[in-house]
$ cat protein.cif   # mmCIF, C-alpha atoms
data_my_file
#
loop_
_atom_site.label_atom_id
_atom_site.label_comp_id
_atom_site.auth_asym_id
_atom_site.auth_seq_id
_atom_site.Cartn_x
_atom_site.Cartn_y
_atom_site.Cartn_z
CA MET Z 1 -12.69 26.48 64.83
CA LYS Z 2 -14.10 28.73 62.25
CA ARG Z 3 -15.50 31.79 63.67
CA LEU Z 4 -14.17 33.58 60.62
CA ILE Z 5 -16.15 31.42 58.33
CA GLY Z 6 -19.17 32.37 60.32
CA LEU Z 7 -18.77 36.02 59.87
CA PHE Z 8 -18.04 35.86 56.30
CA ALA Z 9 -20.51 33.21 56.11
CA ALA Z 10 -22.81 35.54 57.73
CA LEU Z 11 -22.23 36.42 54.21
CA LEU Z 12 -25.03 35.56 52.26
CA PHE Z 13 -27.74 36.88 54.44
CA SER Z 14 -27.95 39.17 51.58
CA ALA Z 15 -30.78 37.40 50.00
CA PRO Z 16 -33.51 39.66 51.20
CA LEU Z 17 -32.99 42.44 48.82
CA PHE Z 18 -34.65 44.11 46.05
CA ALA Z 19 -38.17 44.42 44.82
CA THR Z 20 -39.35 45.06 41.37
CA ASN Z 21 -41.78 46.73 39.06
CA VAL Z 22 -41.45 50.29 40.14
CA ALA Z 23 -40.37 53.15 37.95
CA ALA Z 24 -37.02 52.41 39.45
CA SER Z 25 -35.10 55.25 37.89
CA ASP Z 26 -36.80 57.82 40.11
CA ILE Z 27 -36.23 55.99 43.33
CA ALA Z 28 -33.24 56.89 45.47
CA PRO Z 29 -30.84 53.97 45.99
CA ASP Z 30 -31.32 53.77 49.75
CA VAL Z 31 -35.09 53.77 49.39
CA LEU Z 32 -34.84 51.07 46.77
CA VAL Z 33 -32.74 48.87 49.04
CA ARG Z 34 -35.10 49.38 51.95
CA ASN Z 35 -38.28 48.74 49.98
CA VAL Z 36 -37.06 45.57 48.39
CA THR Z 37 -35.56 44.21 51.61
CA ASN Z 38 -38.76 44.80 53.50
CA GLU Z 39 -41.00 43.46 50.78
CA VAL Z 40 -39.03 40.25 50.29
CA LEU Z 41 -38.54 39.56 53.98
CA ASP Z 42 -42.20 40.12 54.54
CA ILE Z 43 -43.12 37.51 51.99
CA VAL Z 44 -40.58 35.02 53.28
CA ARG Z 45 -41.69 35.37 56.87
CA LYS Z 46 -45.33 34.78 55.94
CA ASP Z 47 -44.89 32.03 53.37
CA LYS Z 48 -45.27 28.59 54.90
CA ASP Z 49 -43.90 26.80 51.83
CA ILE Z 50 -40.68 28.79 51.82
CA GLN Z 51 -40.24 28.19 55.51
CA ALA Z 52 -40.74 24.50 54.99
CA GLY Z 53 -37.84 24.56 52.57
CA ASN Z 54 -39.52 24.86 49.19
CA THR Z 55 -36.45 25.76 47.13
CA LYS Z 56 -38.35 26.32 43.91
CA LYS Z 57 -40.66 28.86 45.46
CA THR Z 58 -37.78 30.76 47.03
CA LEU Z 59 -35.94 30.84 43.73
CA ASP Z 60 -39.04 32.20 42.01
CA LEU Z 61 -39.39 34.91 44.60
CA VAL Z 62 -35.78 36.01 44.17
CA GLU Z 63 -36.16 35.91 40.38
CA ALA Z 64 -39.21 38.11 40.49
CA LYS Z 65 -38.35 40.61 43.20
CA VAL Z 66 -34.59 40.79 43.48
CA LEU Z 67 -33.05 40.06 40.11
CA PRO Z 68 -34.44 43.04 38.23
CA HIS Z 69 -32.34 45.28 40.43
CA PHE Z 70 -29.06 43.51 39.82
CA ASN Z 71 -26.57 44.22 37.07
CA PHE Z 72 -25.18 40.75 36.38
CA GLN Z 73 -23.02 41.86 33.50
CA ARG Z 74 -21.16 44.22 35.75
CA MET Z 75 -20.92 41.57 38.48
CA THR Z 76 -19.45 39.09 36.05
CA GLN Z 77 -16.89 41.61 34.82
CA LEU Z 78 -15.86 42.33 38.39
CA ALA Z 79 -15.52 38.67 39.24
CA LEU Z 80 -13.51 37.94 36.10
CA GLY Z 81 -11.19 40.91 36.37
CA ARG Z 82 -8.32 41.06 33.96
CA GLU Z 83 -8.64 37.39 33.05
CA GLY Z 84 -12.00 38.12 31.45
CA ARG Z 85 -10.47 40.09 28.60
CA GLN Z 86 -9.60 36.94 26.70
CA ALA Z 87 -13.24 35.79 26.62
CA THR Z 88 -15.28 36.08 23.42
CA PRO Z 89 -18.66 37.86 23.66
CA GLU Z 90 -20.29 34.44 23.32
CA GLN Z 91 -18.29 33.02 26.24
CA LEU Z 92 -18.98 36.11 28.32
CA LYS Z 93 -22.68 35.64 27.80
CA THR Z 94 -22.51 32.03 28.93
CA ILE Z 95 -20.46 32.91 32.00
CA THR Z 96 -22.86 35.70 32.95
CA GLY Z 97 -25.80 33.32 32.74
CA GLU Z 98 -24.14 30.61 34.82
CA PHE Z 99 -22.80 33.06 37.38
CA ARG Z 100 -26.25 34.56 37.69
CA ASP Z 101 -27.74 31.14 38.48
CA LEU Z 102 -25.06 30.51 41.07
CA LEU Z 103 -25.66 33.84 42.80
CA VAL Z 104 -29.43 33.46 42.72
CA ARG Z 105 -29.26 30.06 44.34
CA THR Z 106 -26.86 31.35 46.96
CA TYR Z 107 -29.18 34.26 47.80
CA SER Z 108 -32.17 32.01 48.01
CA LYS Z 109 -30.36 29.72 50.38
CA ALA Z 110 -29.29 32.63 52.56
CA LEU Z 111 -32.79 34.04 52.52
CA THR Z 112 -34.19 30.84 53.93
CA GLU Z 113 -31.44 30.31 56.49
CA PHE Z 114 -31.40 33.83 57.85
CA ARG Z 115 -34.98 34.96 57.44
CA ASP Z 116 -35.49 35.67 61.12
CA GLN Z 117 -32.65 38.14 61.47
CA GLU Z 118 -33.52 41.75 61.94
CA ILE Z 119 -32.14 44.25 59.45
CA SER Z 120 -31.54 47.90 60.17
CA PHE Z 121 -30.78 50.62 57.65
CA LYS Z 122 -27.93 53.05 58.23
CA PRO Z 123 -28.27 56.76 57.50
CA PHE Z 124 -27.57 57.53 53.86
CA LYS Z 125 -26.39 60.68 52.14
CA MET Z 126 -25.46 61.32 48.54
CA ALA Z 127 -24.95 64.24 46.18
CA ALA Z 128 -27.56 64.58 43.44
CA THR Z 129 -24.89 64.06 40.79
CA GLU Z 130 -23.48 60.81 42.16
CA THR Z 131 -23.90 57.66 40.08
CA ASP Z 132 -22.03 55.14 42.20
CA VAL Z 133 -23.00 54.73 45.85
CA LYS Z 134 -22.88 52.40 48.79
CA VAL Z 135 -25.98 51.77 50.89
CA ARG Z 136 -25.24 50.37 54.32
CA THR Z 137 -27.43 48.06 56.33
CA GLU Z 138 -26.84 45.89 59.36
CA ILE Z 139 -28.00 42.49 60.46
CA LYS Z 140 -28.51 42.01 64.16
CA GLN Z 141 -26.92 38.89 65.58
CA THR Z 142 -27.49 37.49 69.00
CA GLY Z 143 -24.34 37.54 71.07
CA GLY Z 144 -22.25 39.25 68.45
CA LYS Z 145 -21.44 42.48 66.78
CA PRO Z 146 -24.04 43.32 64.11
CA ALA Z 147 -22.98 42.10 60.67
CA GLN Z 148 -22.50 44.71 57.98
CA LEU Z 149 -24.50 44.19 54.84
CA ASP Z 150 -23.59 46.78 52.22
CA TYR Z 151 -24.91 47.27 48.71
CA TYR Z 152 -23.00 48.96 45.91
CA LEU Z 153 -25.26 50.52 43.34
CA GLU Z 154 -24.59 52.21 40.06
CA LYS Z 155 -27.02 54.37 38.15
CA ASN Z 156 -27.67 53.57 34.50
CA ALA Z 157 -30.45 54.31 32.04
CA ALA Z 158 -32.73 51.78 33.74
CA GLY Z 159 -32.22 53.24 37.20
CA TRP Z 160 -30.08 52.15 40.13
CA LYS Z 161 -28.68 48.64 39.87
CA VAL Z 162 -26.77 46.65 42.46
CA TYR Z 163 -23.37 45.49 41.23
CA ASP Z 164 -21.83 44.25 44.45
CA ILE Z 165 -22.87 43.14 47.92
CA GLU Z 166 -20.58 42.92 50.89
CA VAL Z 167 -21.39 40.85 53.93
CA GLY Z 168 -19.16 41.58 56.89
CA GLY Z 169 -16.77 43.20 54.44
CA ILE Z 170 -16.66 40.20 52.13
CA SER Z 171 -17.69 40.94 48.59
CA LEU Z 172 -19.93 38.25 47.17
CA VAL Z 173 -18.66 39.16 43.74
CA THR Z 174 -14.94 39.70 44.08
CA ASN Z 175 -14.64 36.76 46.43
CA TYR Z 176 -14.88 34.64 43.28
CA ARG Z 177 -12.05 36.47 41.61
CA SER Z 178 -9.13 34.24 42.46
CA THR Z 179 -11.19 31.07 42.02
CA PHE Z 180 -12.13 32.23 38.53
CA ALA Z 181 -8.54 33.14 37.73
CA GLN Z 182 -7.40 29.76 38.98
CA GLU Z 183 -9.96 27.96 36.79
CA ILE Z 184 -8.98 30.01 33.75
CA ARG Z 185 -5.28 29.32 34.26
CA ALA Z 186 -6.01 25.62 34.55
CA GLY Z 187 -8.45 25.14 31.69
CA GLY Z 188 -8.94 28.42 29.87
CA ILE Z 189 -12.24 30.30 29.66
CA ASP Z 190 -13.96 27.07 28.65
CA GLY Z 191 -12.60 25.41 31.76
CA LEU Z 192 -14.25 28.06 33.91
CA ILE Z 193 -17.51 27.65 32.02
CA ARG Z 194 -17.41 23.89 32.57
CA SER Z 195 -16.82 24.32 36.31
CA LEU Z 196 -19.69 26.76 36.64
CA GLN Z 197 -22.02 24.51 34.69
CA GLU Z 198 -21.05 21.50 36.74
CA LYS Z 199 -21.62 23.38 39.99
CA ASN Z 200 -25.05 24.52 38.86
CA LYS Z 201 -26.01 21.08 37.64
CA THR Z 202 -25.04 19.41 40.91
CA ALA Z 203 -26.96 22.01 42.88
CA ASP Z 204 -30.04 21.63 40.69
CA ALA Z 205 -29.96 17.90 41.13
CA LYS Z 206 -29.76 18.31 44.90
CA ALA Z 207 -32.65 20.75 44.95
CA LYS Z 208 -34.94 18.15 43.38
CA MET B 209 -7.21 24.69 72.59
CA ALA B 210 -8.83 21.92 70.67
CA HIS B 211 -7.02 18.94 72.01
CA ASP B 212 -7.52 20.30 75.48
CA MET B 213 -11.06 19.22 75.34
CA LYS B 214 -10.49 15.68 74.36
CA PRO B 215 -9.16 12.74 76.29
CA LYS B 216 -5.43 12.62 76.20
CA ASN B 217 -4.85 9.77 73.81
CA MET B 218 -7.30 11.34 71.38
CA GLY B 219 -5.29 14.55 71.53
CA ALA B 220 -2.10 12.66 70.87
CA ARG B 221 -3.65 10.80 68.00
CA ILE B 222 -4.93 13.96 66.41
CA ARG B 223 -1.54 15.53 66.84
CA SER B 224 0.17 12.70 65.03
CA VAL B 225 -2.36 12.87 62.23
CA VAL B 226 -1.66 16.58 62.02
CA ILE B 227 2.03 15.94 61.64
CA VAL B 228 1.50 13.31 58.97
CA VAL B 229 -0.88 15.51 57.03
CA ALA B 230 1.44 18.47 57.37
CA LEU B 231 4.37 16.46 56.07
CA ALA B 232 2.34 15.06 53.23
CA GLY B 233 1.35 18.56 52.32
CA ALA B 234 4.85 19.90 52.53
CA LEU B 235 6.41 17.02 50.61
CA GLY B 236 3.62 16.66 48.11
CA GLY B 237 4.85 20.16 47.66
CA CYS B 238 3.31 22.90 46.03
CA ALA B 239 0.21 22.31 44.12
CA THR B 240 0.06 26.05 44.12
CA SER B 241 -1.91 27.93 41.58
CA GLY B 242 0.54 30.79 41.90
CA ASN B 243 -1.52 33.01 44.20
CA PRO B 244 0.98 35.40 45.79
CA LYS B 245 -1.07 35.59 48.99
CA ASP B 246 -0.97 31.82 49.37
CA PRO B 247 2.61 30.63 48.75
CA ILE B 248 2.18 27.37 50.67
CA GLU B 249 -1.10 26.40 49.08
CA GLY B 250 -0.20 22.70 48.86
CA PHE B 251 0.32 22.49 52.59
CA ASN B 252 -2.70 24.67 53.32
CA ARG B 253 -5.02 22.55 51.21
CA ALA B 254 -3.89 19.42 53.02
CA MET B 255 -4.47 21.05 56.40
CA TYR B 256 -7.82 22.38 55.25
CA GLY B 257 -8.84 18.87 54.27
CA PHE B 258 -7.80 17.61 57.67
CA ASN B 259 -9.82 20.30 59.44
CA GLU B 260 -12.84 19.54 57.30
CA ALA B 261 -12.53 15.87 58.23
CA VAL B 262 -12.35 16.61 61.96
CA ASP B 263 -15.28 18.95 61.60
CA THR B 264 -17.37 16.44 59.69
CA VAL B 265 -16.85 13.49 62.02
CA LEU B 266 -16.57 15.25 65.35
CA ILE B 267 -17.30 18.93 65.82
CA LYS B 268 -20.20 19.50 63.47
CA PRO B 269 -22.30 16.53 64.60
CA VAL B 270 -21.92 17.60 68.23
CA ALA B 271 -22.78 21.21 67.32
CA LYS B 272 -25.89 20.03 65.48
CA GLY B 273 -27.04 18.01 68.47
CA TYR B 274 -26.35 20.92 70.78
CA ASP B 275 -28.32 23.25 68.55
CA ALA B 276 -31.23 20.83 68.28
CA VAL B 277 -31.46 20.11 72.00
CA LEU B 278 -31.11 23.50 73.63
CA PRO B 279 -33.93 26.03 73.48
CA THR B 280 -33.03 29.35 71.84
CA PRO B 281 -32.89 31.47 75.03
CA VAL B 282 -30.40 29.04 76.55
CA ARG B 283 -28.32 29.07 73.37
CA THR B 284 -28.28 32.85 73.42
CA GLY B 285 -27.34 32.87 77.09
CA VAL B 286 -24.34 30.63 76.44
CA THR B 287 -23.17 32.77 73.51
CA ASN B 288 -23.59 35.90 75.63
CA PHE B 289 -21.68 34.36 78.53
CA PHE B 290 -18.60 33.69 76.39
CA GLY B 291 -19.03 37.00 74.59
CA ASN B 292 -18.88 38.81 77.90
CA ILE B 293 -15.60 37.16 78.82
CA ALA B 294 -14.20 38.06 75.40
CA ASP B 295 -15.21 41.72 75.80
CA LEU B 296 -12.44 42.20 78.37
CA PHE B 297 -9.60 41.71 75.91
CA ILE B 298 -11.56 43.30 73.11
CA GLY B 299 -11.37 46.40 75.32
CA VAL B 300 -7.65 45.93 75.89
CA ASN B 301 -7.07 45.62 72.16
CA ASN B 302 -9.10 48.73 71.45
CA LEU B 303 -6.91 50.56 73.94
CA LEU B 304 -3.75 49.24 72.24
CA GLN B 305 -5.15 50.42 68.92
CA GLY B 306 -5.57 53.95 70.25
CA LYS B 307 -9.36 53.87 70.59
CA PRO B 308 -9.86 54.69 74.27
CA ASP B 309 -13.54 55.56 73.88
CA GLN B 310 -14.29 52.16 72.41
CA ALA B 311 -12.17 50.51 75.11
CA VAL B 312 -14.17 52.29 77.80
CA SER B 313 -17.38 51.13 76.15
CA ASP B 314 -16.12 47.53 76.08
CA LEU B 315 -15.17 47.59 79.74
CA GLY B 316 -18.51 49.21 80.52
CA ARG B 317 -20.14 46.29 78.75
CA VAL B 318 -18.26 43.82 80.94
CA LEU B 319 -19.30 45.68 84.10
CA ILE B 320 -22.95 45.94 83.12
CA ASN B 321 -23.33 42.45 81.70
CA SER B 322 -21.45 40.75 84.54
CA THR B 323 -23.74 42.34 87.11
CA ILE B 324 -27.14 43.36 85.77
CA GLY B 325 -26.72 40.79 83.00
CA ILE B 326 -26.14 38.04 85.58
CA LEU B 327 -22.61 36.79 84.86
CA GLY B 328 -22.94 37.77 81.22
CA LEU B 329 -25.90 35.54 80.42
CA PHE B 330 -27.90 38.55 79.23
CA ASP B 331 -26.45 41.20 76.97
CA VAL B 332 -28.16 44.17 78.56
CA ALA B 333 -25.33 46.49 77.54
CA THR B 334 -26.32 46.23 73.88
CA GLU B 335 -29.89 47.14 74.81
CA ALA B 336 -28.44 50.10 76.68
CA GLY B 337 -26.68 51.26 73.53
CA LEU B 338 -23.14 49.96 74.12
CA GLU B 339 -22.49 48.11 70.90
CA LYS B 340 -20.38 44.96 70.89
CA HIS B 341 -17.05 45.18 69.09
CA GLU B 342 -14.77 42.59 67.62
CA GLU B 343 -11.03 42.91 68.20
CA ASP B 344 -8.05 40.62 68.73
CA PHE B 345 -4.26 40.87 68.77
CA GLY B 346 -3.97 40.04 65.08
CA GLN B 347 -6.07 43.13 64.31
CA THR B 348 -4.02 45.20 66.71
CA PHE B 349 -0.82 44.21 64.88
CA GLY B 350 -2.53 45.03 61.59
CA ARG B 351 -3.52 48.39 62.94
CA TRP B 352 0.09 48.99 63.91
CA GLY B 353 1.08 48.44 60.30
CA VAL B 354 2.17 44.80 60.34
CA GLY B 355 1.33 43.19 57.00
CA ASN B 356 -0.58 39.93 56.59
CA GLY B 357 2.29 37.69 55.64
CA ALA B 358 1.42 34.42 53.97
CA TYR B 359 -1.98 32.81 54.35
CA VAL B 360 -1.77 29.70 56.46
CA VAL B 361 -4.32 27.11 57.56
CA LEU B 362 -3.68 25.97 61.12
CA PRO B 363 -4.84 22.63 62.49
CA ILE B 364 -8.24 23.02 64.20
CA PHE B 365 -8.00 26.81 64.42
CA GLY B 366 -8.36 27.08 60.67
CA PRO B 367 -7.53 30.03 58.41
CA ARG B 368 -5.03 32.64 59.60
CA THR B 369 -2.21 34.68 58.18
CA VAL B 370 1.29 34.71 59.64
CA ARG B 371 0.45 37.94 61.43
CA ASP B 372 -2.84 36.62 62.74
CA THR B 373 -1.11 33.45 63.94
CA ALA B 374 1.16 35.60 66.09
CA GLY B 375 -1.96 37.40 67.30
CA LEU B 376 -3.62 34.08 68.07
CA VAL B 377 -0.72 33.03 70.29
CA LEU B 378 -1.31 36.13 72.41
CA ASP B 379 -5.10 35.73 72.30
CA VAL B 380 -4.76 32.24 73.71
CA ALA B 381 -2.11 33.24 76.25
CA VAL B 382 -4.39 35.84 77.84
CA ASP B 383 -7.67 33.98 77.30
CA PRO B 384 -9.33 33.92 80.73
CA LEU B 385 -10.85 30.52 80.03
CA ALA B 386 -7.58 28.93 78.96
CA ASN B 387 -6.05 30.18 82.21
CA ILE B 388 -8.49 28.55 84.59
CA GLY B 389 -6.47 26.42 87.03
CA ASN B 390 -8.97 23.62 87.48
CA VAL B 391 -8.36 21.46 84.43
CA PRO B 392 -11.75 19.71 84.13
CA THR B 393 -13.56 23.06 84.48
CA ARG B 394 -11.27 24.70 81.97
CA ASN B 395 -11.65 21.92 79.42
CA THR B 396 -15.41 21.78 79.83
CA LEU B 397 -15.70 25.53 79.22
CA LEU B 398 -13.31 25.50 76.25
CA GLY B 399 -15.22 22.60 74.75
CA LEU B 400 -18.56 24.28 75.31
CA ARG B 401 -17.32 27.50 73.74
CA LEU B 402 -16.04 25.65 70.69
CA ILE B 403 -19.33 23.84 70.19
CA ASP B 404 -21.37 26.98 70.80
CA THR B 405 -19.33 28.93 68.27
CA ARG B 406 -19.59 26.12 65.75
CA ALA B 407 -23.35 25.85 66.26
CA ASP B 408 -23.73 29.57 65.55
CA LEU B 409 -22.12 28.94 62.18
CA LEU B 410 -24.36 26.12 61.02
CA PRO B 411 -26.65 28.23 58.82
CA ALA B 412 -23.70 30.01 57.23
CA ASP B 413 -22.19 26.66 56.39
CA LYS B 414 -25.02 25.75 54.10
CA VAL B 415 -24.78 29.02 52.27
CA ILE B 416 -21.04 28.65 51.63
CA GLU B 417 -21.66 25.15 50.40
CA GLU B 418 -24.12 26.60 47.90
CA ALA B 419 -21.87 29.46 46.83
CA ALA B 420 -18.38 28.03 46.53
CA LEU B 421 -16.95 26.70 43.31
CA ASP B 422 -13.83 25.68 45.19
CA LYS B 423 -14.53 25.82 48.89
CA TYR B 424 -10.88 26.11 49.87
CA SER B 425 -10.24 29.28 47.91
CA TYR B 426 -13.67 30.70 48.70
CA VAL B 427 -12.93 30.40 52.42
CA ARG B 428 -9.40 31.75 51.99
CA ASP B 429 -10.45 34.82 50.04
CA GLY B 430 -13.35 35.42 52.38
CA TYR B 431 -11.06 35.24 55.37
CA LEU B 432 -8.61 37.73 53.86
CA GLN B 433 -11.36 40.19 52.92
CA ARG B 434 -12.97 39.84 56.32
CA ARG B 435 -9.76 40.54 58.21
CA ARG B 436 -9.05 43.57 56.09
CA ASN B 437 -12.51 44.87 56.89
CA LEU B 438 -12.10 44.23 60.62
CA ILE B 439 -8.73 45.95 60.84
CA HIS B 440 -10.33 49.04 59.33
CA ASP B 441 -13.32 48.72 61.66
CA GLY B 442 -15.74 48.20 58.82
CA ASN B 443 -14.47 51.01 56.61
CA PRO B 444 -11.57 49.75 54.54
CA PRO B 445 -10.56 51.75 51.50
CA ARG B 446 -12.24 50.18 48.47
CA GLU B 447 -9.77 47.84 46.80
CA LEU B 448 -8.76 48.92 43.35
CA LEU B 449 -9.95 46.41 40.83
CA ASP B 450 -8.74 46.22 37.31
#
$ encode --input "protein.cif" --output "structure tokens"
Amino acid sequence: MKRLIGLFAALLFSAPLFATNVAASDIAPDVLVRNVTNEVLDIVRKDKDIQAGNTKKTLDLVEAKVLPHFNFQRMTQLALGREGRQATPEQLKTITGEFRDLLVRTYSKALTEFRDQEISFKPFKMAATETDVKVRTEIKQTGGKPAQLDYYLEKNAAGWKVYDIEVGGISLVTNYRSTFAQEIRAGGIDGLIRSLQEKNKTADAKAK
Amino acid sequence: MAHDMKPKNMGARIRSVVIVVALAGALGGCATSGNPKDPIEGFNRAMYGFNEAVDTVLIKPVAKGYDAVLPTPVRTGVTNFFGNIADLFIGVNNLLQGKPDQAVSDLGRVLINSTIGILGLFDVATEAGLEKHEEDFGQTFGRWGVGNGAYVVLPIFGPRTVRDTAGLVLDVAVDPLANIGNVPTRNTLLGLRLIDTRADLLPADKVIEEAALDKYSYVRDGYLQRRRNLIHDGNPPRELLD
């Protein structure tokens, strides 16, 4: 019935990404992606608690290793699109925080569900002057075409930061765009904030 | 395909439920949120709810049992077996899309996997460097320049667009499994394929559950992005975002 869901659901394999604490600005984006992926997957595959479904521990791992390499402000802007222009700075800050929690939980879930998949890194080329690149990786799947897992990175003062991830061509960020727009049309910016908060609260309650 | 696998009265019952739900959706009219890609959102949401219900009570529990009972190598063998059959028309579609080299590779896969791979149970072609592709008639039409048309949720089959629905009709018409003459054999195989496919999606399910604010629109937008990506063979032009 929903093969499509599967692919795009193949989605969130993305979890295993980025590691931290390096002088990130000097590291090429493809090397960054590879290092963090390998480091995080390594930990997950060895950690008995994570494998047993310890949500808290997985969340902590993602917080520590992956988050520092993400630009959540940019992600939030992308997900909000034009509708975001009516938000006050205060509201934007709240949305960014809630959206961040939602994405982190999603990654952590994906990390646990798909930890045994093998990831391969595609050849990468960029000009020295480029500041916006796409790093391509692939997830092997038994009995199917490998799933694309692509990272979009942008260079800023702090180094290369991921601002979008595509799984099988589905952007984890812009896939929220019409849902966000729909929430804003129905209940304004505050309506969207309420929905995000509710979603996060329900998920937290379930995790306990 | 779906009611093929169930006893007849069950099929009839599901069909009547489908009609009722469809009518309710159409009459309850358009709880649309004004998304231009989804002009019949009211209907689609009703159908989506119906599909979710069928999945929850019937398909998913069976898929879970199937996944729990069978050892991984057997599971992989089953997925490979159906994948091998699908490769035939994946090749045909690649040919129709003007990609003869890929078509040759697909047919090579069928030859290798059907023989050395023992009736497709082992995917030795991938090991040999012939990568699996994913094509269907909906993609072929897209490649030929046919636009999506409206998004539509079909009973059991789930998300499609108008164009992909037309593609699906052809996919089913030429599906080697659906054309098996012996009805019990055909239905058993179709049922097994459905459950195997569904079981492969179980992990993804949980992730979507975690991610989606509104599952209906999350699935819809994911489907549309995914199809766009497939039609461009993984390299669609980046969508302009404002």
$ resolve_selection --input "protein.cif" --expression "the PyMOL selection byres ((chain Z and resi 90-92) around 12)" --output "ChimeraX atom specification"
/Z:72-77,79-80,83-89,93-100,188-194
$ resolve_selection --input "protein.cif" --expression "the PyMOL selection byres ((chain B) within 6 of (chain Z))" --output "count of residues only"
18
$ atom_distance --input "protein.cif" --atom1 "CA of Val173 in chain Z" --atom2 "CA of Pro244 in chain B"
20.1 Å
$ residues_around --input "protein.cif" --residues "Phe121 in chain Z" --least-positions-apart "3" --cutoff "10 Å" --atoms "all atoms listed in the file" --output "count of residues only"
12
$ resolve_selection --input "protein.cif" --expression "the PyMOL selection byres ((chain B and resi 283-286) around 8)" --output "list of chain:residue names"
Z:Thr142, Z:Gly143, B:Asp275, B:Leu278, B:Pro279, B:Thr280, B:Pro281, B:Val282, B:Thr287, B:Asn288, B:Phe289, B:Phe290, B:Gly328, B:Leu329, B:Phe330, B:Asp404
$ atom_distance --input "protein.cif" --atom1 "CA of Lys46 in chain Z" --atom2 "CA of His69 in chain Z"
22.8 Å
$ axis_aligned_box --input "protein.cif" --around "range 119-135 of chain Z" --padding-each-side "3 Å" --output "JSON"
{"center_x": -27.1, "center_y": 54.4, "center_z": 50.1, "size_x": 16.1, "size_y": 26.3, "size_z": 26.1}
$ decode --input "protein.cif" --residues "range 270-309 of chain B" --atoms "C-alpha atoms" --output "PDB file, in the first residue's frame"
ATOM      1  CA  VAL B 270      -0.031  -9.075   9.646  1.00  0.00           C
ATOM      2  CA  ALA B 271       3.165  -7.352   8.463  1.00  0.00           C
ATOM      3  CA  LYS B 272       4.417  -7.173  12.047  1.00  0.00           C
ATOM      4  CA  GLY B 273       3.794 -10.868  12.589  1.00  0.00           C
ATOM      5  CA  TYR B 274       5.463 -11.690   9.298  1.00  0.00           C
ATOM      6  CA  ASP B 275       8.475  -9.599  10.221  1.00  0.00           C
ATOM      7  CA  ALA B 276       8.717 -11.159  13.675  1.00  0.00           C
ATOM      8  CA  VAL B 277       8.412 -14.751  12.493  1.00  0.00           C
ATOM      9  CA  LEU B 278      10.657 -14.918   9.449  1.00  0.00           C
ATOM     10  CA  PRO B 279      14.434 -14.879   9.819  1.00  0.00           C
ATOM     11  CA  THR B 280      16.193 -12.024   8.030  1.00  0.00           C
ATOM     12  CA  PRO B 281      17.684 -14.067   5.149  1.00  0.00           C
ATOM     13  CA  VAL B 282      14.229 -15.390   4.287  1.00  0.00           C
ATOM     14  CA  ARG B 283      12.771 -11.880   4.444  1.00  0.00           C
ATOM     15  CA  THR B 284      15.491 -10.639   2.121  1.00  0.00           C
ATOM     16  CA  GLY B 285      14.908 -13.545  -0.242  1.00  0.00           C
ATOM     17  CA  VAL B 286      11.213 -12.722  -0.517  1.00  0.00           C
ATOM     18  CA  THR B 287      11.909  -9.033  -1.163  1.00  0.00           C
ATOM     19  CA  ASN B 288      14.506  -9.985  -3.784  1.00  0.00           C
ATOM     20  CA  PHE B 289      12.122 -12.409  -5.457  1.00  0.00           C
ATOM     21  CA  PHE B 290       9.480  -9.724  -6.025  1.00  0.00           C
ATOM     22  CA  GLY B 291      12.143  -7.167  -6.881  1.00  0.00           C
ATOM     23  CA  ASN B 292      13.413  -9.420  -9.633  1.00  0.00           C
ATOM     24  CA  ILE B 293       9.968  -9.690 -11.194  1.00  0.00           C
ATOM     25  CA  ALA B 294       9.605  -5.909 -11.007  1.00  0.00           C
ATOM     26  CA  ASP B 295      12.958  -5.368 -12.745  1.00  0.00           C
ATOM     27  CA  LEU B 296      11.441  -6.538 -16.034  1.00  0.00           C
ATOM     28  CA  PHE B 297       9.091  -3.583 -16.399  1.00  0.00           C
ATOM     29  CA  ILE B 298      11.552  -1.239 -14.766  1.00  0.00           C
ATOM     30  CA  GLY B 299      13.699  -2.074 -17.793  1.00  0.00           C
ATOM     31  CA  VAL B 300      10.807  -1.492 -20.180  1.00  0.00           C
ATOM     32  CA  ASN B 301      10.123   1.887 -18.595  1.00  0.00           C
ATOM     33  CA  ASN B 302      13.770   2.876 -18.823  1.00  0.00           C
ATOM     34  CA  LEU B 303      13.626   2.036 -22.514  1.00  0.00           C
ATOM     35  CA  LEU B 304      10.472   4.147 -22.940  1.00  0.00           C
ATOM     36  CA  GLN B 305      12.240   6.990 -21.177  1.00  0.00           C
ATOM     37  CA  GLY B 306      15.107   6.867 -23.652  1.00  0.00           C
ATOM     38  CA  LYS B 307      17.657   5.279 -21.326  1.00  0.00           C
ATOM     39  CA  PRO B 308      18.655   2.148 -23.244  1.00  0.00           C
ATOM     40  CA  ASP B 309      21.821   1.547 -21.221  1.00  0.00           C
TER      41      ASP B 309
END
